[in-house]
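Working notes, structure below.
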Amino acid sequence: PVTSPSGPNPQTETQPVVLAIQNDPTDPPLLVGEWLAEEGIRVEVVQACFGEPVPRTVPAGVHLAIEPGVNLYIDPGSGFTIVGEIKALGTAAEKILFTRIPCHENWGFFSFQSTQLANELRYCEFSYSTASPGCITAQGSRLDMESCHIHDITGEGASIFSSTFNLRNSIVERTYEALSIDYCRTIVEFNTVRNTTGKNGKIASLPISQLLVR
């Protein structure tokens, strides 16, 4: 599925909303949806398996859940703006792919904007992004990434400012700079970084950042 040029309408009600991305036509979120409804949470299913476009913007009060095995082929220059919350939780066997449409120009980038919710990206692959400045860009936000692969990026792999950011067990390669981390509380451990071309190489961090690298 290709991202839509417009996202969901901002919610005017207090009821939390979960956007569930369905990748398998035989596996809708039946019981999970019922359980969430019992807790007062409305579930809206995006049937990506039938070509329904995935929204580009996740506004405040909306939670986006992406199932393992989803492949997102994204319009040139388009990206995602996260103000609410995203959980893209793949598995070792079924990764989640964010990449350009074959034979098209690069897609844009992820932008996390002042979201302190529990944003998680696990077993996700990001490729062929024209980043501005990073394929993963965050400001004033909270983000945990684990077992991800960021590669072939025109720009930085991740550009994080004034945020809480953790990156574990991931690979970043063929980017300008792998990571640019400024004024953050950050843990970067058990990662592989290689084949970067930027002036600062692998990791650039201001001294004021609380940075643990292992």
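Within each chain, counting starts at residue 1; across the structure tokens, chains are named A, B, ... in the order shown, with ligands numbered 1 upward in that order.
When the distance limit is 6 Å and only C-alpha atoms are what count, the residues near Val193 of chain A, minus those fewer than 3 positions from it on the same chain, are A:Ile171, A:Val172, A:Glu173.
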Exercise for the section: Determine, counting only C-alpha atoms, which protein, DNA and RNA residues have an atom within 8 Å of an atom of Gly157 of chain A; residues of the same chain fewer than 5 positions away are not included. Present the result as a count of residues only. Expected result: 13
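Of the listed residues (A:Ile74, A:Ala118, A:Ala65, A:Ala20), A:Ile74 comes nearest to Pro102 of chain A; the distances count only C-alpha atoms.
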Practice task
Name the residues in contact with Asp144 of chain A at a cut-off of 12 Å, using only C-alpha atoms, excluding same-chain residues fewer than 6 positions from it; report them as a PyMOL selection string.
Solution key: chain A and resi 85-89+112+116-124+136+138+160+163-170+185-188
Handout entry: Separation of atom CA of Lys95 of chain A from atom CA of Glu67 of chain A, in Å and rounded to one decimal
Key = 9.1 Å
Practice task
State, in Å with one decimal place, the distance from atom CA of Tyr128 of chain A to atom CA of Asn71 of chain A.
Solution key: 13.8 Å
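Among the candidates A:Ser147, A:Glu189, A:Thr154, A:Asp182, the one nearest to Glu105 of chain A when counting only C-alpha atoms is A:Thr154.
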Exercise for the section: Using only C-alpha atoms, determine which residues lie at most 7 Å from Gly84 of chain A, disregarding the query and same-chain residues fewer than 3 positions distant; provide the list as a list in words. Expected result: Val58, Pro59, Ala60, Gly61, Val62, His63 and Thr115 of chain A
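Picture a line from atom CA of Gln139 of chain A to atom CA of Arg56 of chain A; it runs 17.8 Å.
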Practice task
Run DSSP on the backbone and give me the residues of segment 9-182 of chain A it puts in alpha helix (DSSP H), as a VMD selection string.
Solution key: chain A and resid 30 to 38
Completion exercise
Of A:Thr137, A:Thr26, A:Ser162, A:Thr196, the one nearest to Gly79 of chain A when counting only C-alpha atoms is A:Thr137
Practice task
Step one, run DSSP on the backbone; step two, keep only residues of segment 29-141 of chain A assigned to strand (DSSP E or B); then write them as a ChimeraX atom specification.
Solution key: /A:42-46,57-58,62-66,71-74,80-82,85-89,96-100,107,110-113,119-122,124-139
